[in-house]
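Visitor: The structure that follows is given in the form of C-alpha cells.
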Amino acid sequence: MVAEIKRSPATSPPEVSASTASSRARRGRRRRARREAAIFLAFAVPNLALIVLFTYRPLFLNMYYSTLDWTLGAPTARPVGLANYVEFFRSSEAGEVFLTTAVFTLSTVLLSMALGLLVALGLNRKVRGAGLARATVFSPFVLSGVGVGLAWQYIFDPTVGALGAVLRSFGVDSPQWFNNETLSLIMVVLVYVWKNLGYAAVIYLAGLQAISSDVLEAAAIDGANARRKFFSVVFPLLSPTTFFLLVTSTLSSLQAFDLIRVMTPLGRGTTTLIYDAYLRAFGGYNQAGYSAMLSTVLFVLLVILTLLQLVFLEKRVHYR
Amino acid sequence: MSQSDPAESSRELSRRGFLGLAAAGLSATALSACTGPSTSTDNGGGDAAKLDFTGVKPAGEITFWSSNPGASQEVTQQIIDAFHASQSDIKVQLVTAGSNYEDIAQKFQAAQAGGKLPDLVVLSDVWWFRYYLQDSIIPLDTLFTALDWDTSDYRDQLLTDYKYGGSIWAVPWARSTPLFYWNKAHWQAAGLPDRAPKTWDEFAEWAPKLKSANAGTQNAFQLPALAGYAGWSFQNVLWGRGGSWSAKDSFDITCDKPEAVAALQFLADAVYKNKWSGVAGKDSTNDLSAGAVSATVGSTGSLVGILKVAKFDVGAGFLPGGPAATSPVCPTGGAGVGIPKKIKPENQLAAATFIKFLTTPENTLKFAQATGYMPVRKSADPSSLIAKAPQAKVAIDQLAVTRNQDWARVFLPGADQEMANACAAILTKNGDVQSELSNLKAKLEGIYSSQVKPHLR
C-alpha cells in the first residue's frame, strides 16, 4: 500500500503522488548503483584480470598438470589422476624433503628474526655512523641471490676458498661444505640468514622507533632494569612487527631457491620442497607432472601455515 | 537519508555480489583457458620422411641459443661475423641462453610449452636424446641432402654419438673428452716419469710419493666435483675394471655387477682407506690450477682455462686404464647443435646453413683454439692448435681411443643426477658400494620403464 501526498493547489506545483516519487528515488538509486558499479569495474577489472591471468591461471594449470604423467617439453601427456601424489607420499623422499624444508625454514626464519632484532637494538641508538651501519646491514638483502651464492662459494670452497685457507693456517682442515649433506644445509642456512637478516633488522628498527619513549620512561621510573624493560615492555610492543615478520619470512623461506640452486646444484642435503619441484622438472628428470604435484603440495602447505599463523598467533599480538 | 528497500537492495549489484560473480566468472575463464600438453596418444612423431625442403627459401634471420661452453661467446660471435661477411641472406643472432648445458636445456624445454623457440640450439650429450623422445628436434639427414652437405668429414665417433633410429639428430660442435691433468712440478719433485699413469693402479703407487714430496699439497689427486658430471668421468674407471653403467649399446643396467662395484670400491678406498684422493667441492680443475692438488681429471674444454690460470707446467695425458682394459676407456662428451621441430621450414633450412658454416674445418679449428674443445672435422689441420698448446694434441690423439658413452648415462632422464647421488653416497659418506649401486640400478630401471621405454619409436 502506498500513501498519496495531497497538497493544496494554491501552494504547490502539479500534484506528485508518493508512488511516483518513490519510483524516481528507486531509479536514482539504481542509476547510482550502476554508475558506482561501472567505476568499480573500470578500476577493478584490469587488476583482477592481471591477477587471474598471472596468478590464478598458472595456479589452476599447475593443479591440472599435477594430474598428468608429462615429460617436460613433450607435446603429449597421460592423465594419471592422483598417482603423482600417491607416489610422492608413499616414497621415502617425502619424509626427507619435508624434514629438510622444516629445518631450513625454521632455522632461517628464527635466526633471521633473532639476529635481526639484536642488530635492530644495536642500530636503535643515536651514535655516529648509525646511518652507514643501517645501510650496511640492509644491503645484502637487495643483492642478487645468485651473486651472493657465487661469492660465498669462493669463501666456503674447502680447497681454494678463503675460509679453508684461514682454517689451514691454524692447522685445521676445512670442513667439506659441499660434499657433506648436513654441512651443505648449514652452509646454505648461514648464507641465507646473512642475506636476509637486514630485512628483519630494518623492520624491527621501525617497530622500535615507533615505541613511545613515555612508556620506557614509565617503566624506568617503576624500577625496571634493561632486561625487564625489554622482555616486559619492548618485546610485547613489538609483537605486531614480530607477527608480520614471521608470516613474511616463513613464506619467503619456504620459497627460497636461488642460493640453493647456485651453492648446491644437486640439492644433496638441501632439497626443500620447492627445490625438489625444480629438480624434478628442470634438474634432468623432466617430470613436469610430478613437479607440478610438488608445487601444489607446497601451495597447500603455504596456505595452511598462513592460516594457522593468522588464527593462532594473531591473538597474541598487542597492537597498542 | 532514506533507507533502501531490502527487496530492492537484494536486486542491486552489491560489492560482495559483484566480487563473487567476478571471481566465479574469471575463474571459469581461467579454467577454460587451461592448455598444456595434449592427452591424446598421437605424439606426432619425428619422421624424417615428412621433412621436405624442396622449394623452401631460407629465413632472413635466425637465433642461436648457446650456453657458450668453454667461454666461447667471443669466438662464436667471430664465426657469426664471418658468416655474415660470406653471404647476405641470413643473419644470425647469438643468444646466451644459460651458463651451462642444464640451463639451456631448461630454457629450451620451457619454450616448447609456447615460448619463443630458437632456430638452433646447443644440446649436450645427455640432452639431445630427451629432445628426440619429446619430439622437440628434427632429424638432419634431409637437410644434409638439401644443402649438399657431406658429413663424411666429421669425426665418426663424434657424429655417431647423435645417431638413433637411423637418423642423425645433431651436429658435433663443442666436443670434448676427459683428460688426465697433472702438475709437472709435483711430478718432478716426486721423481715420477713425465707422463700420465697408464693405469689407476700405477697412480695408486705414485700417490704416496707425490704426497710426501709435496708438503702442503692437499691431495695427490682430486676427483671431479660430483655435481659436475660424475656419471661421465667415472665411466673411465668403470670401463677399466670391466664394468659399466649399462651394457654396451643397450638399456640393460649393469651398475651393480661385481666389476662396477670393484671400480667404485677402488675410488672409495682412494678417499677413505688409502687417502690419496679428495673429492672436489666445486671444480677440481680450479683446485689443480691453484696448486692445491697434484692431479685431476677434467674436460678438454677446461684446458685453455687451466693453462691461463696455472703458474706451473701442466701435463695432460690419456685417461688411465684398469686391470681389465687400458683402451678404449675414455668417453666422449660435450655438445652439438640441433634444430627445433616447432619452427618454420625456412628457419630450419637457414639454421642448417649456418651449422654447416659453424663446423667447417676452418671454424672448428678456430673454435678449438679459443676453447680447448676438439676440432670435429677430420680435415681440420691441428698443427697450429698443437703449436699453441701441445697438450691439445693429447685430446685429439685420445679421440681415436674413445668409447661411446653408456646409454644409461646419456639416454635416461635424470640418470646423471642419480649416478652423482650414488657416487656421493659412496665417496663422501663412505656408503656401502654394493648397496648404493643396487639402489642406483633400481632407480635407473624405474626411469627406463616409466620415461623412456613408452616413448621409444
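Just remember, in the C-alpha cells the first chain shown is A, the second B, etc., residues are 1-based per chain, and ligands are 1-based in the order shown.
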Can you check which residues of range 6-212 of chain A DSSP gives as helix (DSSP H, G or I) on the backbone and send them as a PyMOL selection string?
Guide: chain A and resi 18-65+83-90+92-123+130-142+145-156+162-169+181-209
Visitor: Select, as a ChimeraX atom specification, those residues of chain B with any atom no more than 6 Å from chain A (distances computed using only C-alpha atoms).
Guide: /B:30,34,37-39,43,106,109,112,134,227,281,413-414,428
Visitor: Go ahead and save the picked residues with N, CA, C and O atoms, as an mmCIF file, in the first residue's frame.
Guide:
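As written to disk, result.cif reads:
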data_model
loop_
_atom_site.group_PDB
_atom_site.id
_atom_site.type_symbol
_atom_site.label_atom_id
_atom_site.label_comp_id
_atom_site.auth_asym_id
_atom_site.auth_seq_id
_atom_site.Cartn_x
_atom_site.Cartn_y
_atom_site.Cartn_z
ATOM 1 N N ALA B 30 39.536 -18.730 -16.486
ATOM 2 C CA ALA B 30 40.882 -19.265 -16.297
ATOM 3 C C ALA B 30 40.909 -20.761 -16.521
ATOM 4 O O ALA B 30 41.792 -21.295 -17.198
ATOM 5 N N CYS B 34 42.668 -23.322 -19.670
ATOM 6 C CA CYS B 34 43.731 -24.278 -19.360
ATOM 7 C C CYS B 34 44.220 -24.960 -20.630
ATOM 8 O O CYS B 34 43.435 -25.540 -21.366
ATOM 9 N N PRO B 37 49.949 -29.900 -22.481
ATOM 10 C CA PRO B 37 50.197 -30.979 -23.406
ATOM 11 C C PRO B 37 48.887 -31.650 -23.810
ATOM 12 O O PRO B 37 47.937 -31.677 -23.033
ATOM 13 N N SER B 38 48.867 -32.178 -25.007
ATOM 14 C CA SER B 38 47.702 -32.937 -25.420
ATOM 15 C C SER B 38 47.705 -34.270 -24.691
ATOM 16 O O SER B 38 48.759 -34.856 -24.443
ATOM 17 N N THR B 39 46.524 -34.725 -24.329
ATOM 18 C CA THR B 39 46.466 -36.017 -23.652
ATOM 19 C C THR B 39 46.027 -37.122 -24.609
ATOM 20 O O THR B 39 45.665 -38.214 -24.189
ATOM 21 N N ASN B 43 51.675 -38.586 -30.785
ATOM 22 C CA ASN B 43 52.680 -37.584 -30.444
ATOM 23 C C ASN B 43 53.313 -36.951 -31.674
ATOM 24 O O ASN B 43 54.278 -36.218 -31.580
ATOM 25 N N GLN B 106 66.836 -26.229 -19.738
ATOM 26 C CA GLN B 106 65.620 -25.735 -19.064
ATOM 27 C C GLN B 106 64.889 -24.742 -19.940
ATOM 28 O O GLN B 106 63.678 -24.795 -20.110
ATOM 29 N N GLN B 109 63.322 -26.360 -23.041
ATOM 30 C CA GLN B 109 62.143 -27.166 -22.735
ATOM 31 C C GLN B 109 60.961 -26.296 -22.326
ATOM 32 O O GLN B 109 59.824 -26.576 -22.682
ATOM 33 N N GLN B 112 59.227 -24.928 -25.289
ATOM 34 C CA GLN B 112 58.378 -25.877 -26.023
ATOM 35 C C GLN B 112 56.911 -25.683 -25.671
ATOM 36 O O GLN B 112 56.020 -25.976 -26.456
ATOM 37 N N GLN B 134 61.045 -36.362 -26.812
ATOM 38 C CA GLN B 134 59.960 -35.373 -26.676
ATOM 39 C C GLN B 134 59.501 -34.846 -28.028
ATOM 40 O O GLN B 134 58.623 -33.995 -28.079
ATOM 41 N N ALA B 227 78.744 -32.928 -8.485
ATOM 42 C CA ALA B 227 77.655 -32.236 -9.171
ATOM 43 C C ALA B 227 78.014 -32.007 -10.639
ATOM 44 O O ALA B 227 77.163 -31.703 -11.452
ATOM 45 N N GLY B 281 84.995 -29.886 -4.110
ATOM 46 C CA GLY B 281 83.739 -29.280 -3.691
ATOM 47 C C GLY B 281 83.045 -28.626 -4.866
ATOM 48 O O GLY B 281 81.846 -28.762 -5.053
ATOM 49 N N PRO B 413 66.631 -39.866 -18.619
ATOM 50 C CA PRO B 413 66.461 -38.574 -17.949
ATOM 51 C C PRO B 413 66.719 -38.680 -16.445
ATOM 52 O O PRO B 413 66.146 -39.535 -15.777
ATOM 53 N N GLY B 414 67.588 -37.821 -15.967
ATOM 54 C CA GLY B 414 67.867 -37.804 -14.528
ATOM 55 C C GLY B 414 68.909 -38.822 -14.102
ATOM 56 O O GLY B 414 69.290 -38.860 -12.932
ATOM 57 N N THR B 428 81.515 -39.613 -0.364
ATOM 58 C CA THR B 428 81.518 -38.556 0.656
ATOM 59 C C THR B 428 80.848 -39.000 1.949
ATOM 60 O O THR B 428 80.948 -38.319 2.957
#
Visitor: Quick one: of B:Thr76, B:Gln222, B:Asn236, B:Ser327, who's nearest to Ala280 in chain B, counting only C-alpha atoms?
Guide: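 Residue with the minimum atom-to-atom distance to Ala280 in chain B: B:Gln222.
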Visitor: Calculated over only C-alpha atoms, which of the candidates B:Ala59, B:Val452, B:Val433, B:Leu158 has the smallest distance to Glu346 in chain B?
Guide: B:Ala59
Visitor: Which one of A:Ile260, A:Ala130, A:Ala102, A:Ile211 sits closest to Ser184 in chain A if you count only C-alpha atoms?
Guide: A:Ile260
Visitor: Find the residues near Lys209 in chain B: any atom within 9 Å, counting only C-alpha atoms, skip ones fewer than 6 places away on the same chain, and give them as a PyMOL selection string.
Guide: chain B and resi 189-192+220
Visitor: Which residues, written as an NGL selection string, have at least one atom at most 10 Å from Leu427 in chain B, with only C-alpha atoms counted and residues fewer than 6 positions away on the same chain left out?
Guide: (:A and (179)) or (:B and (223 or 226 or 264-265 or 267-272 or 278-279 or 421 or 433))
Visitor: Take the residues just selected and output them with N, CA and C atoms as a JSON list (two decimals), in the first residue's frame.
Guide:
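Below is the file again.json, written as the result:
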[["chain", "number", "residue", "atom", "x", "y", "z"],
["A", 179, "ASN", "N", 80.33, -31.43, 0.08],
["A", 179, "ASN", "CA", 80.18, -32.88, -0.06],
["A", 179, "ASN", "C", 79.45, -33.52, 1.12],
["B", 223, "LEU", "N", 89.26, -35.99, -7.17],
["B", 223, "LEU", "CA", 88.15, -36.46, -8.00],
["B", 223, "LEU", "C", 87.29, -35.27, -8.40],
["B", 226, "LEU", "N", 81.17, -33.89, -7.70],
["B", 226, "LEU", "CA", 80.14, -34.86, -8.05],
["B", 226, "LEU", "C", 78.96, -34.21, -8.76],
["B", 264, "LEU", "N", 84.06, -48.70, -8.21],
["B", 264, "LEU", "CA", 83.68, -47.66, -7.25],
["B", 264, "LEU", "C", 84.34, -47.90, -5.89],
["B", 265, "GLN", "N", 84.57, -49.19, -5.56],
["B", 265, "GLN", "CA", 85.27, -49.50, -4.31],
["B", 265, "GLN", "C", 86.71, -48.99, -4.37],
["B", 267, "LEU", "N", 87.71, -46.34, -5.95],
["B", 267, "LEU", "CA", 87.67, -44.89, -5.71],
["B", 267, "LEU", "C", 87.40, -44.60, -4.23],
["B", 268, "ALA", "N", 86.48, -45.38, -3.64],
["B", 268, "ALA", "CA", 86.18, -45.16, -2.21],
["B", 268, "ALA", "C", 87.43, -45.40, -1.37],
["B", 269, "ASP", "N", 88.18, -46.45, -1.71],
["B", 269, "ASP", "CA", 89.42, -46.74, -0.96],
["B", 269, "ASP", "C", 90.44, -45.61, -1.14],
["B", 270, "ALA", "N", 90.47, -45.04, -2.35],
["B", 270, "ALA", "CA", 91.40, -43.93, -2.59],
["B", 270, "ALA", "C", 91.10, -42.76, -1.66],
["B", 271, "VAL", "N", 89.81, -42.57, -1.35],
["B", 271, "VAL", "CA", 89.41, -41.45, -0.50],
["B", 271, "VAL", "C", 89.55, -41.81, 0.98],
["B", 272, "TYR", "N", 89.01, -42.96, 1.37],
["B", 272, "TYR", "CA", 88.89, -43.28, 2.80],
["B", 272, "TYR", "C", 90.02, -44.15, 3.36],
["B", 278, "GLY", "N", 91.03, -36.67, -2.81],
["B", 278, "GLY", "CA", 89.91, -35.93, -2.24],
["B", 278, "GLY", "C", 88.82, -35.85, -3.28],
["B", 279, "VAL", "N", 87.72, -35.25, -2.88],
["B", 279, "VAL", "CA", 86.61, -35.03, -3.82],
["B", 279, "VAL", "C", 86.39, -33.52, -3.90],
["B", 421, "ASN", "N", 74.43, -38.82, -7.25],
["B", 421, "ASN", "CA", 73.99, -39.04, -5.87],
["B", 421, "ASN", "C", 74.54, -40.35, -5.30],
["B", 433, "VAL", "N", 79.24, -49.77, -1.05],
["B", 433, "VAL", "CA", 79.26, -49.64, -2.52],
["B", 433, "VAL", "C", 78.20, -50.52, -3.16]]
Visitor: Figure out the distance between CA of Thr96 in chain B and CA of Leu123 in chain B, please, to one decimal in Å.
Guide: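 Distance between the two atoms: 13.5 Å.
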Visitor: Enter the distance from CA of Phe129 in chain B to CA of Tyr85 in chain A, in Å, rounded to one decimal.
Guide: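 Taking CA of Phe129 in chain B and CA of Tyr85 in chain A, their separation equals 27.8 Å.
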Visitor: Excluding same-chain residues fewer than 6 positions from Asp89 in chain B, what lies within 9 Å of it counting only C-alpha atoms, as a count of residues only?
Guide: 4
Visitor: Need the shell around Pro172 in chain B: protein/DNA/RNA residues with any atom at most 10 Å away, counting only C-alpha atoms. Skip same-chain ones fewer than 5 positions apart. Format as a list in words?
Guide: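 Contacts, with the query itself left out: Val122, Leu123, Ser124, Asp125, Tyr154, Arg155, Gln157, Leu158, Leu159, Thr160, Asp161, Tyr162, Gly333, Gly334, Ala335, Gly336, Val337, Gly338, Ile355, Thr359, Thr364, Met374, Pro375, Val376 and Arg377 of chain B.
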Visitor: Extract, using only C-alpha atoms, all DNA, RNA and protein residues at most 6 Å from range 93-100 of chain A, discarding same-chain residues fewer than 3 positions from it, and format them as a PDB file with all heavy atoms, in the first residue's frame.
Guide:
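Done, and the output landed in part.pdb:
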ATOM      1  N   PHE A  88      54.499 -39.773  -4.393  1.00  0.00           N
ATOM      2  CA  PHE A  88      55.331 -38.925  -3.528  1.00  0.00           C
ATOM      3  C   PHE A  88      55.122 -39.262  -2.055  1.00  0.00           C
ATOM      4  O   PHE A  88      56.080 -39.493  -1.316  1.00  0.00           O
ATOM      5  CB  PHE A  88      55.012 -37.459  -3.789  1.00  0.00           C
ATOM      6  CG  PHE A  88      55.700 -36.512  -2.838  1.00  0.00           C
ATOM      7  CD1 PHE A  88      57.086 -36.386  -2.854  1.00  0.00           C
ATOM      8  CD2 PHE A  88      54.983 -35.752  -1.925  1.00  0.00           C
ATOM      9  CE1 PHE A  88      57.736 -35.518  -1.976  1.00  0.00           C
ATOM     10  CE2 PHE A  88      55.626 -34.890  -1.041  1.00  0.00           C
ATOM     11  CZ  PHE A  88      57.003 -34.770  -1.071  1.00  0.00           C
ATOM     12  N   PHE A  89      53.867 -39.323  -1.645  1.00  0.00           N
ATOM     13  CA  PHE A  89      53.625 -39.518  -0.211  1.00  0.00           C
ATOM     14  C   PHE A  89      53.970 -40.927   0.263  1.00  0.00           C
ATOM     15  O   PHE A  89      54.158 -41.159   1.440  1.00  0.00           O
ATOM     16  CB  PHE A  89      52.174 -39.156   0.133  1.00  0.00           C
ATOM     17  CG  PHE A  89      51.966 -37.669   0.194  1.00  0.00           C
ATOM     18  CD1 PHE A  89      51.293 -37.007  -0.812  1.00  0.00           C
ATOM     19  CD2 PHE A  89      52.491 -36.930   1.250  1.00  0.00           C
ATOM     20  CE1 PHE A  89      51.114 -35.627  -0.759  1.00  0.00           C
ATOM     21  CE2 PHE A  89      52.322 -35.548   1.302  1.00  0.00           C
ATOM     22  CZ  PHE A  89      51.635 -34.894   0.297  1.00  0.00           C
ATOM     23  N   VAL A 103      63.527 -27.962   8.586  1.00  0.00           N
ATOM     24  CA  VAL A 103      64.772 -27.499   9.226  1.00  0.00           C
ATOM     25  C   VAL A 103      65.225 -26.179   8.594  1.00  0.00           C
ATOM     26  O   VAL A 103      65.580 -25.222   9.301  1.00  0.00           O
ATOM     27  CB  VAL A 103      65.880 -28.575   9.084  1.00  0.00           C
ATOM     28  CG1 VAL A 103      67.231 -28.033   9.524  1.00  0.00           C
ATOM     29  CG2 VAL A 103      65.519 -29.806   9.894  1.00  0.00           C
ATOM     30  N   PHE A 104      65.206 -26.132   7.273  1.00  0.00           N
ATOM     31  CA  PHE A 104      65.650 -24.916   6.588  1.00  0.00           C
ATOM     32  C   PHE A 104      64.770 -23.722   6.962  1.00  0.00           C
ATOM     33  O   PHE A 104      65.262 -22.652   7.303  1.00  0.00           O
ATOM     34  CB  PHE A 104      65.632 -25.137   5.068  1.00  0.00           C
ATOM     35  CG  PHE A 104      66.060 -23.928   4.277  1.00  0.00           C
ATOM     36  CD1 PHE A 104      67.402 -23.632   4.105  1.00  0.00           C
ATOM     37  CD2 PHE A 104      65.118 -23.072   3.724  1.00  0.00           C
ATOM     38  CE1 PHE A 104      67.800 -22.507   3.405  1.00  0.00           C
ATOM     39  CE2 PHE A 104      65.502 -21.947   3.018  1.00  0.00           C
ATOM     40  CZ  PHE A 104      66.847 -21.664   2.852  1.00  0.00           C
ATOM     41  N   THR A 272      64.734 -28.854  -0.507  1.00  0.00           N
ATOM     42  CA  THR A 272      63.473 -28.456   0.103  1.00  0.00           C
ATOM     43  C   THR A 272      62.358 -28.762  -0.904  1.00  0.00           C
ATOM     44  O   THR A 272      62.626 -29.161  -2.040  1.00  0.00           O
ATOM     45  CB  THR A 272      63.486 -26.954   0.421  1.00  0.00           C
ATOM     46  OG1 THR A 272      63.765 -26.264  -0.794  1.00  0.00           O
ATOM     47  CG2 THR A 272      64.542 -26.606   1.448  1.00  0.00           C
ATOM     48  N   LEU A 273      61.136 -28.525  -0.481  1.00  0.00           N
ATOM     49  CA  LEU A 273      60.002 -28.843  -1.354  1.00  0.00           C
ATOM     50  C   LEU A 273      60.088 -28.093  -2.680  1.00  0.00           C
ATOM     51  O   LEU A 273      59.915 -28.675  -3.760  1.00  0.00           O
ATOM     52  CB  LEU A 273      58.705 -28.489  -0.616  1.00  0.00           C
ATOM     53  CG  LEU A 273      57.424 -29.202  -1.025  1.00  0.00           C
ATOM     54  CD1 LEU A 273      57.613 -30.692  -1.184  1.00  0.00           C
ATOM     55  CD2 LEU A 273      56.337 -28.924  -0.011  1.00  0.00           C
TER      56      LEU A 273
END
Visitor: Counting only C-alpha atoms, which of A:Ala206, A:Leu117, A:Leu106, A:Val188 gets nearest to Leu251 in chain A?
Guide: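 Among the listed residues, the smallest separation from Leu251 in chain A belongs to A:Leu106.
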Visitor: Calculate how many Å separate CA of Tyr199 in chain A from CA of Gln309 in chain A, rounding to one decimal.
Guide: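 Calculated distance between CA of Tyr199 in chain A and CA of Gln309 in chain A is 20.0 Å.
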